[in-house]
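Read the structure below first, then the notes.
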Amino acid sequence: MTDDSSFTGRVRRYARVGSAMAGLGARLAGERYLGLTIDRERHAADLRAALGGIKGPLMKVAQLLATIPEALPEEYVRELIQLQADAPAMGWPFVRRRMMGELGPDWQSRFKSFDHTAARAASLGQVHRATALDGRFLACKLQYPDMASAVEADLRQLRLAMGLYERYDRTVTTADIHAEIGARLREELDYEREAAHLRLYGAILKDEPGVAVPRPIPELSTRRLLTMTWLDGRPILDFAEKAPLARRNEIAMRMFRIWYVPFYYYGVIHGDPHLGNYTVAPDRTVNLLDFGCVRVFPPGFVKGVIDLYHALERNDRELAVEAYRSWGFGELSREMIAVLNRWAAFVYGPLLDDRARMIQEKAKPGAANLNPDGRGLVDSVHRDIRRLGGIAPPRAFVFMDRAAIGLGSVFLHLQAKINWHQLFHQLIDDFDERVLAERQKQALTRAGVPLPAQ
(Lines give C-alpha, C1' and ligand atoms only; values in the text may rest on other atoms or scores of the structure.)
Protein backbone atom coordinates (compact mmCIF):
# COMPACT_ATOMS: atom_id res chain seq x y z
CA MET A 1 0.00 0.00 0.00
CA THR A 2 1.15 3.54 -0.73
CA ASP A 3 1.38 5.63 2.43
CA ASP A 4 -0.59 8.76 1.51
CA SER A 5 0.88 10.58 4.52
CA SER A 6 4.33 10.64 2.92
CA PHE A 7 5.60 13.86 1.38
CA THR A 8 5.13 12.64 -2.18
CA GLY A 9 1.74 11.18 -1.27
CA ARG A 10 0.59 14.53 0.11
CA VAL A 11 1.87 16.34 -2.97
CA ARG A 12 -0.13 14.06 -5.27
CA ARG A 13 -3.15 14.24 -3.00
CA TYR A 14 -3.28 18.02 -2.86
CA ALA A 15 -2.46 18.43 -6.50
CA ARG A 16 -5.68 16.55 -7.25
CA VAL A 17 -7.68 18.34 -4.58
CA GLY A 18 -6.24 21.76 -5.37
CA SER A 19 -7.06 21.36 -9.04
CA ALA A 20 -10.63 20.31 -8.22
CA MET A 21 -11.17 23.16 -5.77
CA ALA A 22 -9.60 25.73 -8.08
CA GLY A 23 -11.89 24.55 -10.85
CA LEU A 24 -14.91 24.86 -8.55
CA GLY A 25 -13.96 28.40 -7.58
CA ALA A 26 -13.24 29.51 -11.14
CA ARG A 27 -16.51 28.16 -12.45
CA LEU A 28 -18.67 29.62 -9.68
CA ALA A 29 -16.91 32.98 -9.94
CA GLY A 30 -17.31 33.00 -13.73
CA GLU A 31 -21.00 32.30 -13.40
CA ARG A 32 -21.54 35.06 -10.84
CA TYR A 33 -19.31 37.85 -12.06
CA LEU A 34 -18.96 37.25 -15.78
CA GLY A 35 -22.40 35.94 -16.56
CA LEU A 36 -20.95 32.72 -17.94
CA THR A 37 -23.10 29.62 -18.13
CA ILE A 38 -21.39 26.58 -16.63
CA ASP A 39 -22.30 22.94 -16.81
CA ARG A 40 -22.68 22.38 -13.07
CA GLU A 41 -23.75 18.78 -13.53
CA ARG A 42 -20.57 17.91 -15.39
CA HIS A 43 -18.30 19.87 -13.10
CA ALA A 44 -19.89 18.33 -10.00
CA ALA A 45 -19.22 14.87 -11.42
CA ASP A 46 -15.60 15.88 -12.06
CA LEU A 47 -15.32 17.10 -8.47
CA ARG A 48 -16.64 13.81 -7.10
CA ALA A 49 -14.19 11.90 -9.28
CA ALA A 50 -11.30 13.99 -7.94
CA LEU A 51 -12.32 13.54 -4.31
CA GLY A 52 -13.40 9.92 -4.57
CA GLY A 53 -9.85 8.59 -4.88
CA ILE A 54 -8.69 10.35 -1.73
CA LYS A 55 -8.44 8.57 1.61
CA GLY A 56 -8.79 10.89 4.56
CA PRO A 57 -10.89 13.61 6.13
CA LEU A 58 -11.59 15.61 2.97
CA MET A 59 -13.70 12.73 1.66
CA LYS A 60 -15.55 12.71 4.99
CA VAL A 61 -16.01 16.49 4.83
CA ALA A 62 -17.50 16.15 1.35
CA GLN A 63 -19.98 13.62 2.70
CA LEU A 64 -20.81 15.97 5.58
CA LEU A 65 -21.42 18.90 3.27
CA ALA A 66 -23.71 16.80 1.14
CA THR A 67 -26.10 16.44 4.10
CA ILE A 68 -26.05 20.07 5.31
CA PRO A 69 -28.78 22.18 3.72
CA GLU A 70 -27.52 25.07 1.57
CA ALA A 71 -23.81 24.40 2.18
CA LEU A 72 -23.23 23.72 -1.54
CA PRO A 73 -25.28 23.98 -4.75
CA GLU A 74 -27.71 21.12 -5.32
CA GLU A 75 -25.76 19.72 -8.28
CA TYR A 76 -22.66 19.26 -6.10
CA VAL A 77 -24.68 17.72 -3.27
CA ARG A 78 -26.09 15.05 -5.58
CA GLU A 79 -22.59 14.02 -6.65
CA LEU A 80 -20.81 14.29 -3.30
CA ILE A 81 -23.44 12.29 -1.44
CA GLN A 82 -22.45 9.32 -3.58
CA LEU A 83 -18.96 9.25 -2.09
CA GLN A 84 -18.53 6.04 -0.14
CA ALA A 85 -16.20 5.56 2.79
CA ASP A 86 -14.48 2.54 1.25
CA ALA A 87 -10.97 3.76 0.47
CA PRO A 88 -8.38 1.00 -0.15
CA ALA A 89 -7.25 -0.51 3.15
CA MET A 90 -3.73 -0.53 4.58
CA GLY A 91 -1.96 -3.80 3.82
CA TRP A 92 -0.90 -6.28 6.51
CA PRO A 93 2.79 -5.24 6.81
CA PHE A 94 1.69 -1.66 7.40
CA VAL A 95 -1.04 -2.69 9.86
CA ARG A 96 1.44 -4.81 11.79
CA ARG A 97 3.81 -1.84 12.20
CA ARG A 98 0.94 0.45 13.22
CA MET A 99 -0.32 -2.04 15.83
CA MET A 100 3.19 -2.43 17.20
CA GLY A 101 3.39 1.33 17.58
CA GLU A 102 0.12 1.38 19.55
CA LEU A 103 0.36 -1.74 21.75
CA GLY A 104 4.07 -2.64 21.69
CA PRO A 105 6.16 -5.35 20.00
CA ASP A 106 4.25 -8.22 21.68
CA TRP A 107 0.84 -6.92 20.59
CA GLN A 108 -0.17 -10.12 18.78
CA SER A 109 0.16 -12.13 22.00
CA ARG A 110 -2.63 -10.01 23.48
CA PHE A 111 -5.15 -11.46 21.01
CA LYS A 112 -6.19 -15.03 20.36
CA SER A 113 -6.46 -14.09 16.69
CA PHE A 114 -6.33 -10.94 14.57
CA ASP A 115 -7.56 -10.85 10.95
CA HIS A 116 -4.94 -9.63 8.49
CA THR A 117 -7.55 -8.20 6.13
CA ALA A 118 -9.62 -5.20 7.17
CA ALA A 119 -13.34 -5.87 7.65
CA ARG A 120 -14.09 -2.24 6.84
CA ALA A 121 -12.03 0.67 5.52
CA ALA A 122 -13.27 4.22 6.08
CA SER A 123 -12.04 7.79 5.73
CA LEU A 124 -10.04 8.13 8.97
CA GLY A 125 -9.21 4.50 9.78
CA GLN A 126 -10.03 0.85 9.21
CA VAL A 127 -11.54 -1.95 11.29
CA HIS A 128 -10.07 -5.43 11.78
CA ARG A 129 -11.92 -8.33 13.34
CA ALA A 130 -10.10 -10.07 16.21
CA THR A 131 -10.69 -12.55 19.01
CA ALA A 132 -9.82 -11.77 22.62
CA LEU A 133 -7.88 -14.20 24.80
CA ASP A 134 -11.13 -14.95 26.63
CA GLY A 135 -12.89 -15.77 23.33
CA ARG A 136 -14.89 -12.57 22.83
CA PHE A 137 -15.15 -11.31 19.25
CA LEU A 138 -13.63 -7.84 18.87
CA ALA A 139 -13.51 -4.96 16.41
CA CYS A 140 -10.17 -3.11 16.29
CA LYS A 141 -10.43 0.34 14.74
CA LEU A 142 -6.96 1.52 13.72
CA GLN A 143 -6.42 5.13 12.63
CA TYR A 144 -4.49 5.88 9.46
CA PRO A 145 -1.11 7.59 10.02
CA ASP A 146 -0.68 11.37 10.15
CA MET A 147 -4.42 12.03 10.20
CA ALA A 148 -4.09 15.11 12.44
CA SER A 149 -2.05 16.99 9.84
CA ALA A 150 -4.31 15.68 7.07
CA VAL A 151 -7.38 17.02 8.89
CA GLU A 152 -5.84 20.48 9.25
CA ALA A 153 -4.77 20.56 5.60
CA ASP A 154 -8.20 19.40 4.45
CA LEU A 155 -9.95 21.97 6.63
CA ARG A 156 -7.89 24.68 4.93
CA GLN A 157 -9.05 23.35 1.56
CA LEU A 158 -12.62 23.30 2.85
CA ARG A 159 -12.40 26.91 4.03
CA LEU A 160 -11.24 27.91 0.56
CA ALA A 161 -14.09 26.05 -1.14
CA MET A 162 -16.73 27.45 1.23
CA GLY A 163 -15.33 30.96 0.90
CA LEU A 164 -15.52 30.75 -2.86
CA TYR A 165 -19.12 29.59 -2.71
CA GLU A 166 -20.01 32.35 -0.27
CA ARG A 167 -18.79 34.89 -2.81
CA TYR A 168 -21.15 33.30 -5.27
CA ASP A 169 -24.13 33.13 -2.89
CA ARG A 170 -24.28 35.02 0.41
CA THR A 171 -27.56 33.48 1.61
CA VAL A 172 -25.80 31.42 4.28
CA THR A 173 -22.67 32.55 6.13
CA THR A 174 -20.36 29.56 6.36
CA ALA A 175 -17.79 30.53 9.03
CA ASP A 176 -19.62 28.76 11.87
CA ILE A 177 -20.37 25.76 9.66
CA HIS A 178 -16.64 25.42 8.98
CA ALA A 179 -15.79 25.87 12.67
CA GLU A 180 -18.29 23.20 13.72
CA ILE A 181 -17.08 20.68 11.12
CA GLY A 182 -13.50 21.36 12.20
CA ALA A 183 -14.28 20.83 15.88
CA ARG A 184 -16.09 17.55 15.26
CA LEU A 185 -13.40 16.20 12.91
CA ARG A 186 -10.65 16.96 15.43
CA GLU A 187 -12.67 15.13 18.09
CA GLU A 188 -13.04 12.12 15.79
CA LEU A 189 -9.27 11.72 15.78
CA ASP A 190 -9.30 11.06 19.53
CA TYR A 191 -10.27 7.42 20.01
CA GLU A 192 -10.10 7.79 23.79
CA ARG A 193 -12.92 10.30 23.47
CA GLU A 194 -14.83 7.89 21.23
CA ALA A 195 -14.43 5.19 23.90
CA ALA A 196 -16.03 7.63 26.36
CA HIS A 197 -18.89 8.11 23.89
CA LEU A 198 -19.36 4.32 23.81
CA ARG A 199 -19.59 4.24 27.60
CA LEU A 200 -22.05 7.16 27.53
CA TYR A 201 -24.37 5.59 24.96
CA GLY A 202 -24.12 2.19 26.60
CA ALA A 203 -25.42 3.74 29.82
CA ILE A 204 -28.07 5.93 28.15
CA LEU A 205 -29.54 3.11 26.07
CA LYS A 206 -29.10 0.18 28.49
CA ASP A 207 -32.85 -0.03 29.17
CA GLU A 208 -33.93 0.42 25.54
CA PRO A 209 -35.20 -2.89 24.10
CA GLY A 210 -33.73 -4.09 20.83
CA VAL A 211 -30.68 -1.81 20.87
CA ALA A 212 -26.98 -2.73 21.11
CA VAL A 213 -23.90 -0.54 21.58
CA PRO A 214 -20.31 -1.91 21.43
CA ARG A 215 -18.37 -1.99 24.70
CA PRO A 216 -14.84 -0.52 24.65
CA ILE A 217 -11.88 -2.65 25.78
CA PRO A 218 -9.60 -0.12 27.54
CA GLU A 219 -6.56 -2.41 27.92
CA LEU A 220 -6.44 -2.91 24.13
CA SER A 221 -7.11 0.72 23.17
CA THR A 222 -5.08 3.91 22.77
CA ARG A 223 -5.68 7.39 21.39
CA ARG A 224 -5.37 6.01 17.83
CA LEU A 225 -6.61 2.43 18.37
CA LEU A 226 -10.10 1.64 19.62
CA THR A 227 -10.86 -1.99 20.47
CA MET A 228 -14.48 -2.83 21.22
CA THR A 229 -16.84 -5.79 21.20
CA TRP A 230 -17.93 -6.98 17.75
CA LEU A 231 -21.65 -6.73 16.89
CA ASP A 232 -22.96 -9.02 14.16
CA GLY A 233 -25.61 -7.64 11.85
CA ARG A 234 -26.80 -7.05 8.31
CA PRO A 235 -27.09 -3.70 6.49
CA ILE A 236 -30.30 -1.90 7.33
CA LEU A 237 -31.15 -1.58 3.63
CA ASP A 238 -31.70 -5.35 3.52
CA PHE A 239 -34.83 -4.74 5.56
CA ALA A 240 -35.98 -1.94 3.29
CA GLU A 241 -36.00 -4.36 0.37
CA LYS A 242 -37.34 -7.58 1.91
CA ALA A 243 -39.11 -7.14 5.24
CA PRO A 244 -42.88 -6.72 5.72
CA LEU A 245 -44.19 -3.34 6.89
CA ALA A 246 -44.60 -4.40 10.54
CA ARG A 247 -40.93 -5.36 10.77
CA ARG A 248 -39.78 -2.22 8.97
CA ASN A 249 -41.88 -0.13 11.36
CA GLU A 250 -40.32 -1.92 14.33
CA ILE A 251 -36.81 -1.08 13.09
CA ALA A 252 -37.82 2.54 12.38
CA MET A 253 -39.29 3.01 15.88
CA ARG A 254 -36.10 1.66 17.43
CA MET A 255 -34.03 3.99 15.27
CA PHE A 256 -36.18 6.95 16.36
CA ARG A 257 -35.60 6.19 20.03
CA ILE A 258 -31.89 5.40 19.53
CA TRP A 259 -31.41 8.93 18.23
CA TYR A 260 -33.86 10.95 20.29
CA VAL A 261 -33.87 9.38 23.76
CA PRO A 262 -30.25 10.59 24.13
CA PHE A 263 -31.20 14.04 22.81
CA TYR A 264 -34.38 14.80 24.75
CA TYR A 265 -33.29 13.09 27.98
CA TYR A 266 -29.55 13.91 27.96
CA GLY A 267 -28.93 16.64 25.35
CA VAL A 268 -26.71 14.29 23.29
CA ILE A 269 -26.94 13.31 19.64
CA HIS A 270 -25.07 10.89 17.37
CA GLY A 271 -24.02 13.21 14.55
CA ASP A 272 -23.08 10.69 11.85
CA PRO A 273 -26.29 9.12 10.49
CA HIS A 274 -24.53 7.29 7.65
CA LEU A 275 -26.34 4.11 6.59
CA GLY A 276 -23.17 2.15 7.29
CA ASN A 277 -23.24 3.18 10.94
CA TYR A 278 -26.01 0.79 11.96
CA THR A 279 -26.80 -2.84 11.28
CA VAL A 280 -29.61 -5.19 12.29
CA ALA A 281 -28.96 -8.47 14.11
CA PRO A 282 -30.92 -11.68 13.36
CA ASP A 283 -33.21 -11.00 16.36
CA ARG A 284 -33.87 -7.51 14.89
CA THR A 285 -31.71 -5.76 17.48
CA VAL A 286 -30.39 -2.51 15.98
CA ASN A 287 -26.61 -2.14 16.36
CA LEU A 288 -25.41 1.46 16.63
CA LEU A 289 -21.82 1.87 15.44
CA ASP A 290 -19.12 4.55 15.06
CA PHE A 291 -19.25 7.08 17.89
CA GLY A 292 -16.58 9.50 16.72
CA CYS A 293 -19.04 12.29 15.95
CA VAL A 294 -21.20 12.91 19.04
CA ARG A 295 -22.57 16.38 19.79
CA VAL A 296 -23.51 17.48 23.32
CA PHE A 297 -25.96 20.40 23.61
CA PRO A 298 -26.72 22.74 26.51
CA PRO A 299 -30.15 21.97 28.04
CA GLY A 300 -31.46 25.31 26.78
CA PHE A 301 -30.88 24.21 23.18
CA VAL A 302 -33.06 21.13 23.71
CA LYS A 303 -35.75 23.31 25.27
CA GLY A 304 -35.61 25.52 22.18
CA VAL A 305 -36.32 22.53 19.91
CA ILE A 306 -39.41 21.69 21.96
CA ASP A 307 -40.47 25.36 22.21
CA LEU A 308 -40.41 25.73 18.42
CA TYR A 309 -42.60 22.64 18.09
CA HIS A 310 -45.17 24.17 20.45
CA ALA A 311 -44.87 27.54 18.71
CA LEU A 312 -45.81 25.93 15.40
CA GLU A 313 -48.53 23.87 17.05
CA ARG A 314 -50.13 26.96 18.64
CA ASN A 315 -49.15 29.54 16.01
CA ASP A 316 -47.28 31.40 18.79
CA ARG A 317 -44.88 33.84 17.15
CA GLU A 318 -43.31 35.04 20.42
CA LEU A 319 -42.44 31.50 21.48
CA ALA A 320 -40.85 30.92 18.06
CA VAL A 321 -38.77 34.10 18.51
CA GLU A 322 -37.59 32.84 21.90
CA ALA A 323 -36.69 29.43 20.43
CA TYR A 324 -34.56 30.97 17.67
CA ARG A 325 -32.92 33.32 20.18
CA SER A 326 -32.07 30.42 22.51
CA TRP A 327 -30.27 28.70 19.63
CA GLY A 328 -28.09 31.74 18.95
CA PHE A 329 -29.77 33.30 15.92
CA GLY A 330 -29.77 36.74 17.56
CA GLU A 331 -32.21 39.43 16.50
CA LEU A 332 -34.33 38.39 13.52
CA SER A 333 -36.83 40.48 11.59
CA ARG A 334 -40.49 39.49 11.45
CA GLU A 335 -40.03 38.59 7.79
CA MET A 336 -37.02 36.37 8.51
CA ILE A 337 -38.87 34.57 11.31
CA ALA A 338 -41.79 33.93 8.95
CA VAL A 339 -39.39 32.44 6.38
CA LEU A 340 -37.66 30.23 8.97
CA ASN A 341 -41.04 29.09 10.26
CA ARG A 342 -41.96 27.89 6.77
CA TRP A 343 -38.94 25.59 6.80
CA ALA A 344 -39.56 24.56 10.43
CA ALA A 345 -43.19 23.67 9.65
CA PHE A 346 -41.96 21.31 6.93
CA VAL A 347 -39.34 19.67 9.19
CA TYR A 348 -41.72 19.34 12.14
CA GLY A 349 -44.65 18.34 9.91
CA PRO A 350 -44.63 14.58 10.67
CA LEU A 351 -44.42 15.34 14.42
CA LEU A 352 -47.39 17.73 14.28
CA ASP A 353 -49.57 15.23 12.40
CA ASP A 354 -51.31 12.87 14.86
CA ARG A 355 -51.77 9.83 12.61
CA ALA A 356 -49.78 6.97 11.12
CA ARG A 357 -47.94 8.21 8.03
CA MET A 358 -44.68 8.03 6.12
CA ILE A 359 -42.06 10.59 7.11
CA GLN A 360 -42.58 12.23 3.68
CA GLU A 361 -45.76 10.98 2.15
CA LYS A 362 -45.07 12.09 -1.43
CA ALA A 363 -41.52 10.75 -1.53
CA LYS A 364 -40.75 8.09 -4.12
CA PRO A 365 -40.03 4.66 -2.59
CA GLY A 366 -36.38 4.38 -1.65
CA ALA A 367 -35.67 8.10 -2.15
CA ALA A 368 -33.10 9.46 0.27
CA ASN A 369 -33.53 13.20 -0.30
CA LEU A 370 -36.34 15.71 -0.09
CA ASN A 371 -39.43 14.98 -2.13
CA PRO A 372 -40.31 17.39 -4.96
CA ASP A 373 -42.56 19.50 -2.71
CA GLY A 374 -39.78 19.72 -0.12
CA ARG A 375 -37.22 20.65 -2.75
CA GLY A 376 -39.43 23.49 -3.94
CA LEU A 377 -39.88 24.69 -0.37
CA VAL A 378 -36.11 24.67 0.20
CA ASP A 379 -35.61 26.72 -2.95
CA SER A 380 -38.25 29.28 -1.97
CA VAL A 381 -36.87 29.59 1.57
CA HIS A 382 -33.36 30.00 0.15
CA ARG A 383 -34.50 32.77 -2.20
CA ASP A 384 -36.30 34.63 0.58
CA ILE A 385 -33.37 34.39 3.01
CA ARG A 386 -31.09 35.75 0.29
CA ARG A 387 -33.57 38.59 -0.41
CA LEU A 388 -33.62 39.47 3.29
CA GLY A 389 -29.83 39.71 3.49
CA GLY A 390 -28.73 36.22 4.44
CA ILE A 391 -28.32 34.41 7.74
CA ALA A 392 -25.59 32.82 9.85
CA PRO A 393 -26.76 29.42 11.17
CA PRO A 394 -25.57 28.76 14.74
CA ARG A 395 -22.82 26.14 14.97
CA ALA A 396 -24.99 23.71 16.90
CA PHE A 397 -27.35 23.41 13.97
CA VAL A 398 -24.81 21.87 11.61
CA PHE A 399 -24.94 18.38 13.08
CA MET A 400 -28.46 18.64 14.47
CA ASP A 401 -29.68 19.27 10.92
CA ARG A 402 -27.44 16.55 9.56
CA ALA A 403 -28.67 13.99 12.09
CA ALA A 404 -32.32 14.81 11.43
CA ILE A 405 -31.92 14.63 7.65
CA GLY A 406 -29.85 11.44 7.81
CA LEU A 407 -32.35 9.75 10.11
CA GLY A 408 -35.21 10.87 7.87
CA SER A 409 -33.48 9.23 4.93
CA VAL A 410 -33.40 5.93 6.86
CA PHE A 411 -37.15 6.15 7.45
CA LEU A 412 -37.64 6.81 3.74
CA HIS A 413 -35.53 3.80 2.79
CA LEU A 414 -37.52 1.66 5.22
CA GLN A 415 -40.81 3.13 3.91
CA ALA A 416 -42.00 3.06 7.51
CA LYS A 417 -45.54 4.17 8.33
CA ILE A 418 -45.73 5.30 11.96
CA ASN A 419 -47.46 7.84 14.19
CA TRP A 420 -44.39 10.06 14.64
CA HIS A 421 -46.48 12.51 16.71
CA GLN A 422 -47.06 9.92 19.42
CA LEU A 423 -43.43 8.77 19.42
CA PHE A 424 -42.30 12.37 19.84
CA HIS A 425 -44.73 13.14 22.66
CA GLN A 426 -43.56 10.08 24.58
CA LEU A 427 -40.21 11.87 24.80
CA ILE A 428 -41.21 15.49 25.44
CA ASP A 429 -44.41 15.49 27.51
CA ASP A 430 -42.56 15.39 30.84
CA PHE A 431 -39.65 17.59 29.73
CA ASP A 432 -37.99 19.61 32.47
CA GLU A 433 -34.85 21.59 31.61
CA ARG A 434 -33.48 21.36 35.16
CA VAL A 435 -33.97 17.59 35.29
CA LEU A 436 -32.21 17.23 31.92
CA ALA A 437 -29.30 19.38 33.14
CA GLU A 438 -28.75 17.21 36.22
CA ARG A 439 -29.21 13.94 34.31
CA GLN A 440 -26.79 15.13 31.63
CA LYS A 441 -24.14 16.20 34.14
CA GLN A 442 -24.23 12.84 35.93
CA ALA A 443 -24.13 10.74 32.73
CA LEU A 444 -21.34 12.71 31.06
CA THR A 445 -19.23 12.82 34.21
CA ARG A 446 -19.48 9.05 34.73
CA ALA A 447 -18.57 8.34 31.09
CA GLY A 448 -15.72 10.87 31.00
CA VAL A 449 -17.27 13.10 28.32
CA PRO A 450 -16.74 16.89 28.65
CA LEU A 451 -19.78 18.94 29.65
CA PRO A 452 -21.08 21.40 27.00
CA ALA A 453 -20.44 25.12 27.17
CA GLN A 454 -23.54 26.90 28.42
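Chain identifiers are assigned as A, B, and so on, following the order in which chains appear in the C-alpha coordinates; residues are numbered from 1 within each chain, and ligands are numbered from 1 in order of appearance.
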
DSSP alpha helix (DSSP H) selection over region 66-260 of chain A, as an MDAnalysis selection string: chainID A and resid 66 74:80 92:103 147:168 175:188 191:204 237:242 245:260

Residues within 9 Å of His178 (chain A), only C-alpha atoms, excluding chain neighbours under 3 positions, as JSON, numbers by chain: {"A": [155, 158, 159, 162, 174, 175, 181, 182, 183, 395]}

What does the file look like for those residues with all heavy atoms, as a tab-separated table (two decimals), in the first residue's frame?
chain	number	residue	atom	x	y	z
A	155	LEU	N	-9.09	20.88	6.17
A	155	LEU	CA	-9.95	21.97	6.63
A	155	LEU	C	-9.57	23.29	5.97
A	155	LEU	O	-10.44	24.14	5.72
A	155	LEU	CB	-9.88	22.08	8.16
A	155	LEU	CG	-10.62	20.99	8.92
A	155	LEU	CD1	-10.30	21.07	10.41
A	155	LEU	CD2	-12.12	21.07	8.69
A	158	LEU	N	-11.18	23.11	2.69
A	158	LEU	CA	-12.62	23.30	2.85
A	158	LEU	C	-12.95	24.78	3.03
A	158	LEU	O	-13.92	25.28	2.47
A	158	LEU	CB	-13.12	22.50	4.05
A	158	LEU	CG	-14.58	22.69	4.42
A	158	LEU	CD1	-15.49	22.21	3.30
A	158	LEU	CD2	-14.90	21.96	5.72
A	159	ARG	N	-12.16	25.48	3.83
A	159	ARG	CA	-12.40	26.91	4.03
A	159	ARG	C	-12.32	27.66	2.70
A	159	ARG	O	-13.13	28.56	2.43
A	159	ARG	CB	-11.37	27.49	5.01
A	159	ARG	CG	-11.66	28.95	5.38
A	159	ARG	CD	-10.55	29.52	6.24
A	159	ARG	NE	-10.45	28.86	7.51
A	159	ARG	CZ	-11.20	29.15	8.57
A	159	ARG	NH1	-12.12	30.08	8.48
A	159	ARG	NH2	-11.02	28.51	9.70
A	162	MET	N	-15.54	26.80	0.69
A	162	MET	CA	-16.73	27.45	1.23
A	162	MET	C	-16.67	28.96	1.03
A	162	MET	O	-17.70	29.61	0.77
A	162	MET	CB	-16.88	27.09	2.71
A	162	MET	CG	-17.13	25.61	2.93
A	162	MET	SD	-17.24	25.15	4.68
A	162	MET	CE	-18.95	25.52	5.02
A	174	THR	N	-20.89	30.91	6.13
A	174	THR	CA	-20.36	29.56	6.36
A	174	THR	C	-19.29	29.46	7.44
A	174	THR	O	-18.81	28.37	7.73
A	174	THR	CB	-19.76	29.00	5.04
A	174	THR	OG1	-18.71	29.88	4.60
A	174	THR	CG2	-20.83	28.90	3.97
A	175	ALA	N	-18.90	30.59	8.07
A	175	ALA	CA	-17.79	30.53	9.03
A	175	ALA	C	-18.08	29.58	10.17
A	175	ALA	O	-17.24	28.76	10.56
A	175	ALA	CB	-17.50	31.94	9.57
A	181	ILE	N	-17.63	21.87	11.78
A	181	ILE	CA	-17.08	20.68	11.12
A	181	ILE	C	-15.66	20.43	11.61
A	181	ILE	O	-15.28	19.29	11.91
A	181	ILE	CB	-17.12	20.84	9.59
A	181	ILE	CG1	-18.58	20.80	9.10
A	181	ILE	CG2	-16.30	19.75	8.90
A	181	ILE	CD1	-18.73	21.11	7.62
A	182	GLY	N	-14.87	21.51	11.73
A	182	GLY	CA	-13.50	21.36	12.20
A	182	GLY	C	-13.43	20.79	13.61
A	182	GLY	O	-12.63	19.89	13.90
A	183	ALA	N	-14.29	21.31	14.49
A	183	ALA	CA	-14.28	20.83	15.88
A	183	ALA	C	-14.64	19.36	15.96
A	183	ALA	O	-14.00	18.58	16.68
A	183	ALA	CB	-15.26	21.66	16.72
A	395	ARG	N	-23.65	27.34	15.15
A	395	ARG	CA	-22.82	26.14	14.97
A	395	ARG	C	-23.55	24.86	15.34
A	395	ARG	O	-23.42	23.84	14.67
A	395	ARG	CB	-21.57	26.26	15.84
A	395	ARG	CG	-20.48	27.12	15.25
A	395	ARG	CD	-19.26	27.13	16.13
A	395	ARG	NE	-18.75	25.79	16.40
A	395	ARG	CZ	-17.59	25.55	16.99
A	395	ARG	NH1	-16.83	26.57	17.37
A	395	ARG	NH2	-17.19	24.33	17.20

Residues within 10 Å of Asp432 (chain A), only C-alpha atoms, excluding chain neighbours under 5 positions, as a count of residues only: 5

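All residues in region 95-139 of chain A with a DSSP state of strand (DSSP E or B), computed from the backbone, read Phe111, Lys112, Ser113, Phe114, Arg120, Ala121, Gly125, Gln126, Val127, His128, Arg129, Ala130, Thr131, Ala132, Phe137, Leu138 and Ala139 of chain A.
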